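Here is the file my_file-v1.pdb (PDB, C-alpha atoms, pLDDT in the B column).
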ATOM      1  CA  MET A   1     -65.310 -31.652 -27.038  1.00 57.00           C
ATOM      2  CA  LYS A   2     -67.292 -29.314 -29.273  1.00 59.00           C
ATOM      3  CA  ASP A   3     -68.505 -30.581 -32.653  1.00 61.00           C
ATOM      4  CA  ARG A   4     -66.371 -27.982 -34.440  1.00 60.00           C
ATOM      5  CA  GLU A   5     -63.243 -29.183 -32.626  1.00 61.00           C
ATOM      6  CA  ILE A   6     -64.000 -32.796 -33.535  1.00 59.00           C
ATOM      7  CA  GLU A   7     -64.481 -31.917 -37.196  1.00 58.00           C
ATOM      8  CA  GLY A   8     -61.213 -29.992 -37.147  1.00 59.00           C
ATOM      9  CA  LEU A   9     -59.385 -33.030 -35.842  1.00 58.00           C
ATOM     10  CA  LYS A  10     -60.933 -35.230 -38.507  1.00 53.00           C
ATOM     11  CA  ALA A  11     -59.827 -32.803 -41.202  1.00 53.00           C
ATOM     12  CA  ARG A  12     -56.200 -33.111 -40.070  1.00 55.00           C
ATOM     13  CA  LEU A  13     -56.225 -36.890 -40.328  1.00 53.00           C
ATOM     14  CA  TYR A  14     -54.917 -37.827 -43.756  1.00 48.00           C
ATOM     15  CA  PRO A  15     -56.363 -40.878 -45.527  1.00 48.00           C
ATOM     16  CA  ARG A  16     -54.422 -43.989 -44.627  1.00 45.00           C
ATOM     17  CA  ASN A  17     -52.983 -46.493 -47.069  1.00 49.00           C
ATOM     18  CA  GLU A  18     -54.373 -49.777 -45.789  1.00 44.00           C
ATOM     19  CA  GLN A  19     -51.738 -51.719 -47.707  1.00 41.00           C
ATOM     20  CA  ASP A  20     -48.994 -50.070 -45.652  1.00 49.00           C
ATOM     21  CA  MET A  21     -50.733 -50.082 -42.274  1.00 55.00           C
ATOM     22  CA  ILE A  22     -52.705 -52.690 -40.362  1.00 73.00           C
ATOM     23  CA  THR A  23     -55.851 -51.009 -39.102  1.00 86.00           C
ATOM     24  CA  SER A  24     -58.179 -52.822 -36.756  1.00 92.00           C
ATOM     25  CA  THR A  25     -60.795 -52.477 -34.068  1.00 96.00           C
ATOM     26  CA  LYS A  26     -61.311 -55.497 -31.840  1.00 96.00           C
ATOM     27  CA  TRP A  27     -64.203 -55.850 -29.423  1.00 97.00           C
ATOM     28  CA  GLY A  28     -64.181 -58.002 -26.305  1.00 96.00           C
ATOM     29  CA  LYS A  29     -66.765 -58.367 -23.572  1.00 96.00           C
ATOM     30  CA  SER A  30     -65.097 -55.757 -21.387  1.00 96.00           C
ATOM     31  CA  GLU A  31     -62.598 -54.064 -23.708  1.00 97.00           C
ATOM     32  CA  VAL A  32     -61.976 -52.394 -27.042  1.00 97.00           C
ATOM     33  CA  ARG A  33     -58.590 -52.470 -28.815  1.00 97.00           C
ATOM     34  CA  LEU A  34     -57.771 -50.097 -31.640  1.00 98.00           C
ATOM     35  CA  THR A  35     -54.675 -50.343 -33.827  1.00 97.00           C
ATOM     36  CA  SER A  36     -53.955 -47.416 -36.171  1.00 96.00           C
ATOM     37  CA  PRO A  37     -57.648 -46.483 -36.257  1.00 96.00           C
ATOM     38  CA  SER A  38     -59.130 -44.010 -38.707  1.00 95.00           C
ATOM     39  CA  ALA A  39     -61.298 -41.085 -37.636  1.00 94.00           C
ATOM     40  CA  GLU A  40     -64.342 -43.036 -38.806  1.00 95.00           C
ATOM     41  CA  GLN A  41     -63.401 -46.038 -36.668  1.00 96.00           C
ATOM     42  CA  CYS A  42     -63.016 -43.785 -33.630  1.00 96.00           C
ATOM     43  CA  THR A  43     -66.452 -42.312 -34.244  1.00 95.00           C
ATOM     44  CA  ASP A  44     -67.863 -45.826 -34.547  1.00 96.00           C
ATOM     45  CA  VAL A  45     -66.309 -46.837 -31.221  1.00 97.00           C
ATOM     46  CA  LEU A  46     -67.702 -43.753 -29.493  1.00 96.00           C
ATOM     47  CA  THR A  47     -71.137 -44.655 -30.837  1.00 96.00           C
ATOM     48  CA  ARG A  48     -71.056 -48.363 -30.022  1.00 96.00           C
ATOM     49  CA  ILE A  49     -69.152 -48.519 -26.746  1.00 96.00           C
ATOM     50  CA  GLU A  50     -71.217 -49.660 -23.766  1.00 95.00           C
ATOM     51  CA  LYS A  51     -70.802 -49.410 -20.007  1.00 93.00           C
ATOM     52  CA  ASP A  52     -69.302 -52.918 -19.825  1.00 95.00           C
ATOM     53  CA  HIS A  53     -66.401 -51.851 -22.059  1.00 96.00           C
ATOM     54  CA  GLN A  54     -64.222 -50.523 -19.262  1.00 96.00           C
ATOM     55  CA  GLN A  55     -60.790 -51.098 -20.851  1.00 97.00           C
ATOM     56  CA  VAL A  56     -59.596 -49.272 -23.962  1.00 97.00           C
ATOM     57  CA  TYR A  57     -56.333 -49.918 -25.825  1.00 98.00           C
ATOM     58  CA  LEU A  58     -55.017 -47.523 -28.482  1.00 98.00           C
ATOM     59  CA  SER A  59     -51.790 -48.426 -30.285  1.00 97.00           C
ATOM     60  CA  ASP A  60     -49.721 -47.257 -33.261  1.00 97.00           C
ATOM     61  CA  SER A  61     -51.767 -44.129 -33.689  1.00 97.00           C
ATOM     62  CA  SER A  62     -51.380 -40.345 -33.701  1.00 96.00           C
ATOM     63  CA  SER A  63     -51.994 -37.619 -31.160  1.00 97.00           C
ATOM     64  CA  ASP A  64     -54.871 -36.244 -33.261  1.00 96.00           C
ATOM     65  CA  VAL A  65     -56.616 -39.613 -33.237  1.00 96.00           C
ATOM     66  CA  ALA A  66     -56.001 -39.952 -29.501  1.00 97.00           C
ATOM     67  CA  GLN A  67     -57.614 -36.569 -28.942  1.00 95.00           C
ATOM     68  CA  LEU A  68     -60.583 -37.487 -31.112  1.00 95.00           C
ATOM     69  CA  LEU A  69     -61.114 -40.737 -29.206  1.00 96.00           C
ATOM     70  CA  VAL A  70     -59.829 -40.508 -25.645  1.00 95.00           C
ATOM     71  CA  VAL A  71     -61.295 -37.275 -24.309  1.00 91.00           C
ATOM     72  CA  PRO A  72     -64.906 -38.127 -25.306  1.00 94.00           C
ATOM     73  CA  LEU A  73     -64.388 -41.623 -23.870  1.00 93.00           C
ATOM     74  CA  LEU A  74     -63.339 -40.249 -20.497  1.00 91.00           C
ATOM     75  CA  GLN A  75     -66.344 -37.963 -20.493  1.00 90.00           C
ATOM     76  CA  LYS A  76     -68.563 -41.046 -20.613  1.00 88.00           C
ATOM     77  CA  LYS A  77     -67.328 -41.869 -17.081  1.00 89.00           C
ATOM     78  CA  ASN A  78     -67.224 -45.651 -17.507  1.00 92.00           C
ATOM     79  CA  ILE A  79     -63.602 -46.263 -18.578  1.00 95.00           C
ATOM     80  CA  ARG A  80     -61.530 -47.875 -15.820  1.00 97.00           C
ATOM     81  CA  SER A  81     -58.298 -48.721 -17.694  1.00 97.00           C
ATOM     82  CA  LEU A  82     -56.696 -46.812 -20.566  1.00 98.00           C
ATOM     83  CA  TYR A  83     -53.670 -48.018 -22.548  1.00 98.00           C
ATOM     84  CA  ILE A  84     -51.961 -45.769 -25.111  1.00 98.00           C
ATOM     85  CA  LEU A  85     -49.007 -47.416 -26.860  1.00 97.00           C
ATOM     86  CA  SER A  86     -46.630 -46.258 -29.593  1.00 97.00           C
ATOM     87  CA  THR A  87     -48.581 -43.050 -30.034  1.00 97.00           C
ATOM     88  CA  SER A  88     -46.492 -39.897 -29.772  1.00 97.00           C
ATOM     89  CA  LEU A  89     -48.656 -37.510 -27.769  1.00 97.00           C
ATOM     90  CA  THR A  90     -48.325 -33.785 -28.430  1.00 97.00           C
ATOM     91  CA  ARG A  91     -48.447 -30.924 -25.946  1.00 96.00           C
ATOM     92  CA  ASP A  92     -51.975 -30.054 -27.129  1.00 96.00           C
ATOM     93  CA  PHE A  93     -53.230 -33.541 -26.321  1.00 97.00           C
ATOM     94  CA  ILE A  94     -51.457 -33.703 -22.957  1.00 97.00           C
ATOM     95  CA  ASP A  95     -52.882 -30.312 -21.957  1.00 97.00           C
ATOM     96  CA  LEU A  96     -56.413 -31.408 -22.854  1.00 95.00           C
ATOM     97  CA  PHE A  97     -56.017 -34.834 -21.279  1.00 96.00           C
ATOM     98  CA  ALA A  98     -54.554 -33.369 -18.082  1.00 95.00           C
ATOM     99  CA  SER A  99     -57.449 -30.941 -17.737  1.00 94.00           C
ATOM    100  CA  GLN A 100     -59.841 -33.867 -18.106  1.00 92.00           C
ATOM    101  CA  MET A 101     -57.998 -35.807 -15.396  1.00 92.00           C
ATOM    102  CA  LEU A 102     -58.493 -32.941 -12.948  1.00 90.00           C
ATOM    103  CA  ASP A 103     -62.170 -33.885 -12.793  1.00 82.00           C
ATOM    104  CA  ASP A 104     -61.980 -37.591 -13.631  1.00 78.00           C
ATOM    105  CA  ASN A 105     -63.127 -39.894 -10.846  1.00 80.00           C
ATOM    106  CA  THR A 106     -63.371 -43.173 -12.759  1.00 92.00           C
ATOM    107  CA  LEU A 107     -60.000 -44.028 -14.373  1.00 96.00           C
ATOM    108  CA  GLU A 108     -58.104 -46.503 -12.195  1.00 97.00           C
ATOM    109  CA  SER A 109     -55.250 -47.555 -14.507  1.00 97.00           C
ATOM    110  CA  LEU A 110     -53.345 -45.415 -17.006  1.00 98.00           C
ATOM    111  CA  TYR A 111     -50.640 -46.873 -19.256  1.00 98.00           C
ATOM    112  CA  LEU A 112     -48.734 -44.475 -21.523  1.00 98.00           C
ATOM    113  CA  ASN A 113     -46.044 -46.705 -22.984  1.00 97.00           C
ATOM    114  CA  HIS A 114     -43.599 -47.193 -25.832  1.00 96.00           C
ATOM    115  CA  ASN A 115     -42.490 -43.659 -26.698  1.00 96.00           C
ATOM    116  CA  SER A 116     -45.898 -42.111 -26.152  1.00 97.00           C
ATOM    117  CA  ILE A 117     -44.844 -39.403 -23.670  1.00 98.00           C
ATOM    118  CA  ASP A 118     -41.710 -37.420 -22.776  1.00 98.00           C
ATOM    119  CA  ASP A 119     -40.485 -35.244 -19.901  1.00 98.00           C
ATOM    120  CA  ASP A 120     -42.651 -32.251 -20.813  1.00 98.00           C
ATOM    121  CA  GLY A 121     -45.731 -34.445 -21.024  1.00 98.00           C
ATOM    122  CA  VAL A 122     -45.003 -36.145 -17.702  1.00 98.00           C
ATOM    123  CA  ILE A 123     -44.565 -32.809 -15.929  1.00 98.00           C
ATOM    124  CA  ILE A 124     -47.948 -31.582 -17.195  1.00 98.00           C
ATOM    125  CA  LEU A 125     -49.701 -34.889 -16.518  1.00 98.00           C
ATOM    126  CA  VAL A 126     -48.600 -35.458 -12.927  1.00 98.00           C
ATOM    127  CA  GLN A 127     -49.472 -31.874 -12.051  1.00 97.00           C
ATOM    128  CA  SER A 128     -53.085 -32.762 -12.833  1.00 96.00           C
ATOM    129  CA  LEU A 129     -52.900 -36.049 -10.921  1.00 96.00           C
ATOM    130  CA  LYS A 130     -51.648 -34.746  -7.577  1.00 95.00           C
ATOM    131  CA  TYR A 131     -55.085 -34.701  -6.006  1.00 94.00           C
ATOM    132  CA  ASN A 132     -56.719 -37.388  -8.138  1.00 94.00           C
ATOM    133  CA  LYS A 133     -58.668 -39.741  -5.859  1.00 93.00           C
ATOM    134  CA  LYS A 134     -59.198 -42.698  -8.182  1.00 94.00           C
ATOM    135  CA  LEU A 135     -56.054 -43.581 -10.174  1.00 96.00           C
ATOM    136  CA  GLN A 136     -54.217 -46.583  -8.711  1.00 97.00           C
ATOM    137  CA  TYR A 137     -51.801 -47.637 -11.460  1.00 97.00           C
ATOM    138  CA  LEU A 138     -49.677 -45.306 -13.577  1.00 98.00           C
ATOM    139  CA  SER A 139     -47.286 -46.831 -16.105  1.00 98.00           C
ATOM    140  CA  LEU A 140     -44.730 -44.732 -17.984  1.00 98.00           C
ATOM    141  CA  ASP A 141     -42.590 -47.696 -19.054  1.00 97.00           C
ATOM    142  CA  PHE A 142     -40.723 -47.906 -22.371  1.00 97.00           C
ATOM    143  CA  ASN A 143     -40.522 -44.149 -22.940  1.00 98.00           C
ATOM    144  CA  THR A 144     -36.999 -43.097 -23.871  1.00 96.00           C
ATOM    145  CA  GLY A 145     -38.081 -39.449 -23.814  1.00 98.00           C
ATOM    146  CA  ILE A 146     -38.504 -39.628 -20.038  1.00 98.00           C
ATOM    147  CA  THR A 147     -35.322 -38.636 -18.200  1.00 98.00           C
ATOM    148  CA  SER A 148     -34.366 -37.401 -14.755  1.00 98.00           C
ATOM    149  CA  LEU A 149     -35.580 -33.933 -15.763  1.00 98.00           C
ATOM    150  CA  SER A 150     -39.109 -35.032 -14.896  1.00 98.00           C
ATOM    151  CA  VAL A 151     -38.120 -36.647 -11.586  1.00 98.00           C
ATOM    152  CA  PRO A 152     -38.757 -33.553  -9.375  1.00 98.00           C
ATOM    153  CA  SER A 153     -42.337 -33.410 -10.684  1.00 98.00           C
ATOM    154  CA  LEU A 154     -42.789 -37.163 -10.219  1.00 98.00           C
ATOM    155  CA  ALA A 155     -41.390 -36.943  -6.687  1.00 98.00           C
ATOM    156  CA  GLU A 156     -43.749 -34.107  -5.790  1.00 98.00           C
ATOM    157  CA  PHE A 157     -46.645 -36.100  -7.229  1.00 98.00           C
ATOM    158  CA  ILE A 158     -45.677 -39.091  -5.061  1.00 97.00           C
ATOM    159  CA  ARG A 159     -45.484 -36.952  -1.930  1.00 97.00           C
ATOM    160  CA  ILE A 160     -48.935 -35.420  -2.468  1.00 97.00           C
ATOM    161  CA  ASN A 161     -51.095 -38.100  -4.110  1.00 96.00           C
ATOM    162  CA  SER A 162     -52.881 -40.401  -1.670  1.00 94.00           C
ATOM    163  CA  THR A 163     -54.407 -43.106  -3.882  1.00 95.00           C
ATOM    164  CA  LEU A 164     -51.764 -44.402  -6.327  1.00 97.00           C
ATOM    165  CA  SER A 165     -50.684 -47.994  -5.631  1.00 97.00           C
ATOM    166  CA  VAL A 166     -47.999 -48.622  -8.263  1.00 97.00           C
ATOM    167  CA  LEU A 167     -45.824 -46.354 -10.415  1.00 98.00           C
ATOM    168  CA  TYR A 168     -43.936 -47.937 -13.329  1.00 97.00           C
ATOM    169  CA  VAL A 169     -40.947 -46.029 -14.727  1.00 98.00           C
ATOM    170  CA  SER A 170     -38.758 -48.827 -16.094  1.00 96.00           C
ATOM    171  CA  HIS A 171     -37.200 -48.724 -19.568  1.00 96.00           C
ATOM    172  CA  THR A 172     -36.880 -44.949 -19.415  1.00 97.00           C
ATOM    173  CA  ARG A 173     -33.746 -42.797 -19.213  1.00 97.00           C
ATOM    174  CA  ILE A 174     -34.158 -41.899 -15.547  1.00 98.00           C
ATOM    175  CA  ASP A 175     -30.711 -42.342 -13.989  1.00 97.00           C
ATOM    176  CA  THR A 176     -29.845 -43.805 -10.592  1.00 95.00           C
ATOM    177  CA  ARG A 177     -29.755 -40.397  -8.921  1.00 96.00           C
ATOM    178  CA  GLY A 178     -33.279 -39.814 -10.191  1.00 97.00           C
ATOM    179  CA  VAL A 179     -34.406 -43.199  -8.874  1.00 97.00           C
ATOM    180  CA  LEU A 180     -32.974 -42.355  -5.450  1.00 95.00           C
ATOM    181  CA  GLU A 181     -34.924 -39.090  -5.464  1.00 97.00           C
ATOM    182  CA  LEU A 182     -38.105 -41.042  -6.170  1.00 96.00           C
ATOM    183  CA  VAL A 183     -37.245 -43.425  -3.341  1.00 94.00           C
ATOM    184  CA  ASP A 184     -36.791 -40.492  -0.968  1.00 94.00           C
ATOM    185  CA  SER A 185     -40.268 -39.211  -1.829  1.00 95.00           C
ATOM    186  CA  LEU A 186     -41.741 -42.479  -0.510  1.00 94.00           C
ATOM    187  CA  LYS A 187     -41.044 -41.245   3.016  1.00 92.00           C
ATOM    188  CA  SER A 188     -44.024 -38.921   2.648  1.00 93.00           C
ATOM    189  CA  ASN A 189     -46.352 -41.494   1.095  1.00 94.00           C
ATOM    190  CA  THR A 190     -47.424 -44.629   2.936  1.00 91.00           C
ATOM    191  CA  ARG A 191     -50.146 -45.475   0.406  1.00 92.00           C
ATOM    192  CA  LEU A 192     -47.945 -46.081  -2.655  1.00 95.00           C
ATOM    193  CA  GLY A 193     -47.195 -49.795  -2.734  1.00 94.00           C
ATOM    194  CA  LYS A 194     -44.183 -49.769  -5.030  1.00 95.00           C
ATOM    195  CA  ILE A 195     -42.190 -48.022  -7.710  1.00 96.00           C
ATOM    196  CA  VAL A 196     -40.897 -50.226 -10.524  1.00 96.00           C
ATOM    197  CA  VAL A 197     -37.559 -49.191 -12.076  1.00 96.00           C
ATOM    198  CA  ASP A 198     -34.858 -50.816 -14.209  1.00 95.00           C
ATOM    199  CA  GLU A 199     -32.826 -53.658 -12.740  1.00 94.00           C
ATOM    200  CA  LYS A 200     -29.600 -51.781 -13.563  1.00 93.00           C
ATOM    201  CA  HIS A 201     -30.263 -49.449 -10.606  1.00 94.00           C
ATOM    202  CA  LYS A 202     -30.498 -52.254  -8.054  1.00 92.00           C
ATOM    203  CA  ALA A 203     -26.859 -52.443  -6.972  1.00 92.00           C
ATOM    204  CA  MET A 204     -26.438 -48.711  -6.375  1.00 91.00           C
ATOM    205  CA  CYS A 205     -29.831 -48.332  -4.682  1.00 91.00           C
ATOM    206  CA  THR A 206     -29.098 -51.246  -2.357  1.00 89.00           C
ATOM    207  CA  LYS A 207     -25.667 -49.854  -1.552  1.00 89.00           C
ATOM    208  CA  THR A 208     -26.989 -46.349  -0.902  1.00 88.00           C
ATOM    209  CA  VAL A 209     -30.248 -46.911   0.968  1.00 85.00           C
ATOM    210  CA  GLY A 210     -30.343 -50.654   1.614  1.00 80.00           C
ATOM    211  CA  LYS A 211     -33.255 -52.940   0.826  1.00 79.00           C
ATOM    212  CA  ILE A 212     -36.497 -51.101   0.162  1.00 82.00           C
ATOM    213  CA  ASN A 213     -39.624 -53.214   0.096  1.00 85.00           C
ATOM    214  CA  ARG A 214     -41.493 -50.666  -1.977  1.00 91.00           C
ATOM    215  CA  LEU A 215     -38.883 -50.486  -4.739  1.00 93.00           C
ATOM    216  CA  ASP A 216     -39.153 -53.196  -7.387  1.00 93.00           C
ATOM    217  CA  PHE A 217     -36.815 -53.893 -10.283  1.00 93.00           C
ATOM    218  CA  SER A 218     -37.889 -54.832 -13.793  1.00 86.00           C
ATOM    219  CA  TYR A 219     -35.877 -57.640 -15.348  1.00 72.00           C
ATOM    220  CA  THR A 220     -38.048 -58.004 -18.422  1.00 65.00           C
ATOM    221  CA  THR A 221     -36.788 -57.363 -21.926  1.00 56.00           C
ATOM    222  CA  ALA A 222     -40.286 -57.647 -23.377  1.00 56.00           C
ATOM    223  CA  THR A 223     -41.687 -54.967 -25.601  1.00 51.00           C
ATOM    224  CA  ALA A 224     -44.388 -52.665 -24.320  1.00 48.00           C
ATOM    225  CA  TYR A 225     -46.974 -54.695 -26.211  1.00 53.00           C
ATOM    226  CA  GLU A 226     -45.992 -57.917 -24.474  1.00 54.00           C
ATOM    227  CA  TYR A 227     -45.544 -56.144 -21.152  1.00 48.00           C
ATOM    228  CA  THR A 228     -49.070 -54.734 -21.090  1.00 52.00           C
ATOM    229  CA  GLY A 229     -50.643 -57.836 -22.559  1.00 51.00           C
ATOM    230  CA  VAL A 230     -51.686 -56.331 -25.871  1.00 49.00           C
ATOM    231  CA  ASN A 231     -52.597 -59.558 -27.570  1.00 45.00           C
ATOM    232  CA  LEU A 232     -55.536 -59.435 -29.912  1.00 37.00           C
ATOM    233  CA  GLY A 233     -56.154 -63.157 -29.862  1.00 37.00           C
ATOM    234  CA  GLY A 234     -59.490 -64.348 -28.583  1.00 38.00           C
ATOM    235  CA  LEU A 235     -61.311 -61.066 -29.062  1.00 41.00           C
ATOM    236  CA  LEU A 236     -64.516 -60.545 -30.944  1.00 40.00           C
ATOM    237  CA  VAL A 237     -64.346 -58.615 -34.203  1.00 34.00           C
TER     238      VAL A 237
END
Is it possible to give me this structure as structure tokens?
Amino acid sequence: MKDREIEGLKARLYPRNEQDMITSTKWGKSEVRLTSPSAEQCTDVLTRIEKDHQQVYLSDSSSDVAQLLVVPLLQKKNIRSLYILSTSLTRDFIDLFASQMLDDNTLESLYLNHNSIDDDGVIILVQSLKYNKKLQYLSLDFNTGITSLSVPSLAEFIRINSTLSVLYVSHTRIDTRGVLELVDSLKSNTRLGKIVVDEKHKAMCTKTVGKINRLDFSYTTATAYEYTGVNLGGLLV
């Protein structure tokens, strides 16, 4: 990102009332976890992060902050796992992020959870991931803005991509017909290990297509934070 663009993003970030919002940056040996970070904290992370910090978690933030932090991080080419939680991502961010993913050859796991992305965002994102040769895990769990409208794009992505191992789409609003369309796309992809969907689809899927080893059902009622292991205990401040 250009310096002018970064300064523009900072200018749009209003001062935060620390009494109303818990703001933190936690450092571990191989990861950094940011909760509601300020622009200054993002700049500090970009300055201090080292090659051993291969996992980054961003939660309870904004799309502007995500843009300020995530794109420069990916350009460093050492991030292997990225988690964005409870951060409503705008079209501008998704467009920029997707363009970055066209050239990214380092990110192996991408988790966009807990109402961080919707149908429009998914359609843009998976378009950029069709020919990605590195990403192995893509989680879109706990996004109520994802419906069966994005299923055709997801199905096309599954048919074309040759490296993804697991796709998580549980706790979304994809209906059973959409799940069956995703299952059908597996016929063209022998690399994808499994698709994880809601348990409520199990009976109809079993009745319609029988047992499918590469279709898994999520029984958990955990929140996205528990599901992705976002626990700040034991980390270095």
Between atom CA of Lys26 of chain A and atom CA of Leu69 of chain A, what distance in Å does the model show, to one decimal?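 Value for the atom CA of Lys26 of chain A-atom CA of Leu69 of chain A distance: 15.0 Å.
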Evaluate the PyMOL selection byres ((chain A and resi 148) around 12) on the structure here and hand back the selected residues as a list of chain:residue names.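 Evaluating the PyMOL selection byres ((chain A and resi 148) around 12) on this file yields A:Asp118, A:Asp119, A:Asp120, A:Val122, A:Ile123, A:Thr144, A:Gly145, A:Ile146, A:Thr147, A:Leu149, A:Ser150, A:Val151, A:Pro152, A:Ser153, A:Leu154, A:Ala155, A:Val169, A:Thr172, A:Arg173, A:Ile174, A:Asp175, A:Thr176, A:Arg177, A:Gly178, A:Val179, A:Leu180, A:Glu181, A:Leu182.
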Just-selected residues, C-alpha atoms written as a PDB file, in the coordinates of the input:
ATOM      1  CA  ASP A 118     -41.710 -37.420 -22.776  1.00 98.00           C
ATOM      2  CA  ASP A 119     -40.485 -35.244 -19.901  1.00 98.00           C
ATOM      3  CA  ASP A 120     -42.651 -32.251 -20.813  1.00 98.00           C
ATOM      4  CA  VAL A 122     -45.003 -36.145 -17.702  1.00 98.00           C
ATOM      5  CA  ILE A 123     -44.565 -32.809 -15.929  1.00 98.00           C
ATOM      6  CA  THR A 144     -36.999 -43.097 -23.871  1.00 96.00           C
ATOM      7  CA  GLY A 145     -38.081 -39.449 -23.814  1.00 98.00           C
ATOM      8  CA  ILE A 146     -38.504 -39.628 -20.038  1.00 98.00           C
ATOM      9  CA  THR A 147     -35.322 -38.636 -18.200  1.00 98.00           C
ATOM     10  CA  LEU A 149     -35.580 -33.933 -15.763  1.00 98.00           C
ATOM     11  CA  SER A 150     -39.109 -35.032 -14.896  1.00 98.00           C
ATOM     12  CA  VAL A 151     -38.120 -36.647 -11.586  1.00 98.00           C
ATOM     13  CA  PRO A 152     -38.757 -33.553  -9.375  1.00 98.00           C
ATOM     14  CA  SER A 153     -42.337 -33.410 -10.684  1.00 98.00           C
ATOM     15  CA  LEU A 154     -42.789 -37.163 -10.219  1.00 98.00           C
ATOM     16  CA  ALA A 155     -41.390 -36.943  -6.687  1.00 98.00           C
ATOM     17  CA  VAL A 169     -40.947 -46.029 -14.727  1.00 98.00           C
ATOM     18  CA  THR A 172     -36.880 -44.949 -19.415  1.00 97.00           C
ATOM     19  CA  ARG A 173     -33.746 -42.797 -19.213  1.00 97.00           C
ATOM     20  CA  ILE A 174     -34.158 -41.899 -15.547  1.00 98.00           C
ATOM     21  CA  ASP A 175     -30.711 -42.342 -13.989  1.00 97.00           C
ATOM     22  CA  THR A 176     -29.845 -43.805 -10.592  1.00 95.00           C
ATOM     23  CA  ARG A 177     -29.755 -40.397  -8.921  1.00 96.00           C
ATOM     24  CA  GLY A 178     -33.279 -39.814 -10.191  1.00 97.00           C
ATOM     25  CA  VAL A 179     -34.406 -43.199  -8.874  1.00 97.00           C
ATOM     26  CA  LEU A 180     -32.974 -42.355  -5.450  1.00 95.00           C
ATOM     27  CA  GLU A 181     -34.924 -39.090  -5.464  1.00 97.00           C
ATOM     28  CA  LEU A 182     -38.105 -41.042  -6.170  1.00 96.00           C
TER      29      LEU A 182
END
Quick one: of A:Thr43, A:Asn143, A:Asn105, A:Ser24, who's nearest to Gln67 of chain A, counting all atoms listed in the file?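 Looking only at the distances to Gln67 of chain A, the closest residue turns out to be A:Thr43.
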Calculate how many Å separate atom CA of Thr35 of chain A from atom CA of Gln55 of chain A, rounding to one decimal.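 If I compute the distance from atom CA of Thr35 of chain A to atom CA of Gln55 of chain A, I get 14.4 Å.
Here, the PyMOL selection byres ((chain A and resi 170) around 9) matches Ser139, Leu140, Asp141, Phe142, Asn143, Tyr168, Val169, His171, Thr172, Arg173, Ile174, Val196, Val197, Asp198, Glu199, Phe217 and Ser218 of chain A.
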Report as a PyMOL selection string all protein, DNA and RNA residues lying within 7 Å of segment 49-53 of chain A, evaluated on only C-alpha atoms, omitting residues in the same chain fewer than 2 positions from it. chain A and resi 29-32+45-47+55+78
Expanded to explicit residues, what is the PyMOL selection byres ((chain A and resi 164) around 9) for this file, as a list of chain:residue names? A:Glu108, A:Asn132, A:Lys133, A:Lys134, A:Leu135, A:Gln136, A:Tyr137, A:Leu138, A:Ile158, A:Asn161, A:Ser162, A:Thr163, A:Ser165, A:Val166, A:Leu167, A:Arg191, A:Leu192, A:Gly193
The selected residues should be written to file as an mmCIF file, keeping the file's coordinate frame (atoms: C-alpha atoms).
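File written: again-v3.cif
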data_model
loop_
_atom_site.group_PDB
_atom_site.id
_atom_site.type_symbol
_atom_site.label_atom_id
_atom_site.label_comp_id
_atom_site.auth_asym_id
_atom_site.auth_seq_id
_atom_site.Cartn_x
_atom_site.Cartn_y
_atom_site.Cartn_z
ATOM 1 C CA GLU A 108 -58.104 -46.503 -12.195
ATOM 2 C CA ASN A 132 -56.719 -37.388 -8.138
ATOM 3 C CA LYS A 133 -58.668 -39.741 -5.859
ATOM 4 C CA LYS A 134 -59.198 -42.698 -8.182
ATOM 5 C CA LEU A 135 -56.054 -43.581 -10.174
ATOM 6 C CA GLN A 136 -54.217 -46.583 -8.711
ATOM 7 C CA TYR A 137 -51.801 -47.637 -11.460
ATOM 8 C CA LEU A 138 -49.677 -45.306 -13.577
ATOM 9 C CA ILE A 158 -45.677 -39.091 -5.061
ATOM 10 C CA ASN A 161 -51.095 -38.100 -4.110
ATOM 11 C CA SER A 162 -52.881 -40.401 -1.670
ATOM 12 C CA THR A 163 -54.407 -43.106 -3.882
ATOM 13 C CA SER A 165 -50.684 -47.994 -5.631
ATOM 14 C CA VAL A 166 -47.999 -48.622 -8.263
ATOM 15 C CA LEU A 167 -45.824 -46.354 -10.415
ATOM 16 C CA ARG A 191 -50.146 -45.475 0.406
ATOM 17 C CA LEU A 192 -47.945 -46.081 -2.655
ATOM 18 C CA GLY A 193 -47.195 -49.795 -2.734
#
Around (-60.3, -31.8, -21.4), as given in the file, which residues come within 10 Å? Count only C-alpha atoms and list them as a list of chain:residue names. A:Met1, A:Gln67, A:Val70, A:Val71, A:Pro72, A:Leu74, A:Gln75, A:Phe93, A:Ile94, A:Asp95, A:Leu96, A:Phe97, A:Ala98, A:Ser99, A:Gln100, A:Met101, A:Leu102, A:Asp103, A:Asp104
Limited to C-alpha atoms, could you put the picked residues into a file as a short mmCIF file (atom, residue, chain, number, x, y, z; two decimals), keeping the file's coordinate frame?
data_model
loop_
_atom_site.label_atom_id
_atom_site.label_comp_id
_atom_site.auth_asym_id
_atom_site.auth_seq_id
_atom_site.Cartn_x
_atom_site.Cartn_y
_atom_site.Cartn_z
CA MET A 1 -65.31 -31.65 -27.04
CA GLN A 67 -57.61 -36.57 -28.94
CA VAL A 70 -59.83 -40.51 -25.64
CA VAL A 71 -61.30 -37.28 -24.31
CA PRO A 72 -64.91 -38.13 -25.31
CA LEU A 74 -63.34 -40.25 -20.50
CA GLN A 75 -66.34 -37.96 -20.49
CA PHE A 93 -53.23 -33.54 -26.32
CA ILE A 94 -51.46 -33.70 -22.96
CA ASP A 95 -52.88 -30.31 -21.96
CA LEU A 96 -56.41 -31.41 -22.85
CA PHE A 97 -56.02 -34.83 -21.28
CA ALA A 98 -54.55 -33.37 -18.08
CA SER A 99 -57.45 -30.94 -17.74
CA GLN A 100 -59.84 -33.87 -18.11
CA MET A 101 -58.00 -35.81 -15.40
CA LEU A 102 -58.49 -32.94 -12.95
CA ASP A 103 -62.17 -33.88 -12.79
CA ASP A 104 -61.98 -37.59 -13.63
#
